[in-house]
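Peer 1: Sharing a structure here in structure tokens format.
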Amino acid sequence: MLTRTNVPVIDIVFRDCYVPQMAVSSRPAETRPRGRPRRASASADILDAALELLAERGFQAATIEAIAARAGVGRNTIYRRWSSKEELIADALQELIVDIDLHDGDDVHALLLHWIRDFVRVFGDPLYGRILPAVLGELQANPVFAQMYAERVVRPRYEALLGILHRAAERGALRPDADVQQIADLLAAPPFVRVLRVGLPPISEHYAEDLLETIWRGIAPGP
């Protein structure tokens, strides 16, 4: 069984979970509609069914049997593709995330603005909003799911962002003493907190720009 030991809840929430998907590429930057290109197989139906049940009934009710029935497939069809419900749901959650190409040569301010805008878009998705409470609860109660979600959905993208920020600092695009891990956390945590139902103002039209300007004043290189 997979376990997580000595990992603070704050790391699970902000560093291991809610980061838009990203990849490093040399192609011109582009954004795509929500989700990845769908596979023309039973896998797409299974992933859709998992997301629907997660939104409608929560994590516990989204069983392999219920997902199979919703997708119109047998349980063995699912188990040939995924070894557990945790693995299946972690893969399904990736379907909500858009690829963002990160380029070492790009203007870092424009890159970070693009990143925050997509983060806001992901959290503003109504389906994601319905799924979020179930995911948050399960991340704290289910260490197998927490590790699966961190390893498959978030950590590779988070580390890719850290790499971009490190190289930006090395070429003088950020303050040389900038803490890139704190920068990455600051990009993610504020919009995440705003979508929680805790009485904070909703995300405004220019929230991404305002947030980045606040962060940028502390990390921009000197004149």
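Labels for the structure tokens follow display order: chains A, B, ..., residues from 1 in each chain, ligands from 1.
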Using only C-alpha atoms, which residues sit within 7 Å of range 121-130 of chain A once same-chain residues fewer than 3 positions away are excluded, as a ChimeraX atom specification?

Peer 2: /A:55,97,117-118,133,195

Peer 1: Neighbouring residues of range 87-96 of chain A were defined as those with any atom within 10 Å, considering only C-alpha atoms; residues of the same chain fewer than 6 positions away were excluded. Please report them as JSON, numbers by chain.

Peer 2: {"A": [20, 21, 33, 34, 35, 36, 37, 38, 43, 44, 46, 47, 48, 49, 50, 51, 54, 59, 62, 64, 67, 78, 79, 81, 122, 123, 125, 127, 128, 131, 135, 144, 145, 146, 147, 148, 149, 150, 151, 152, 153, 154]}

Peer 1: For a test of reading the model, state the distance in Å between CA of Gln60 in chain A and CA of Tyr158 in chain A, rounded to one decimal.

Peer 2: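 Between CA of Gln60 in chain A and CA of Tyr158 in chain A the gap is 27.7 Å.
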
Peer 1: By how many Å are CA of Ala168 in chain A and CA of Leu112 in chain A apart?

Peer 2: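 It comes out at 11.3 Å.
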
Peer 1: Just how far from CA of Leu111 in chain A is CA of Leu212 in chain A, in Å to one decimal?

Peer 2: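 Calculated distance between CA of Leu212 in chain A and CA of Leu111 in chain A is 10.7 Å.
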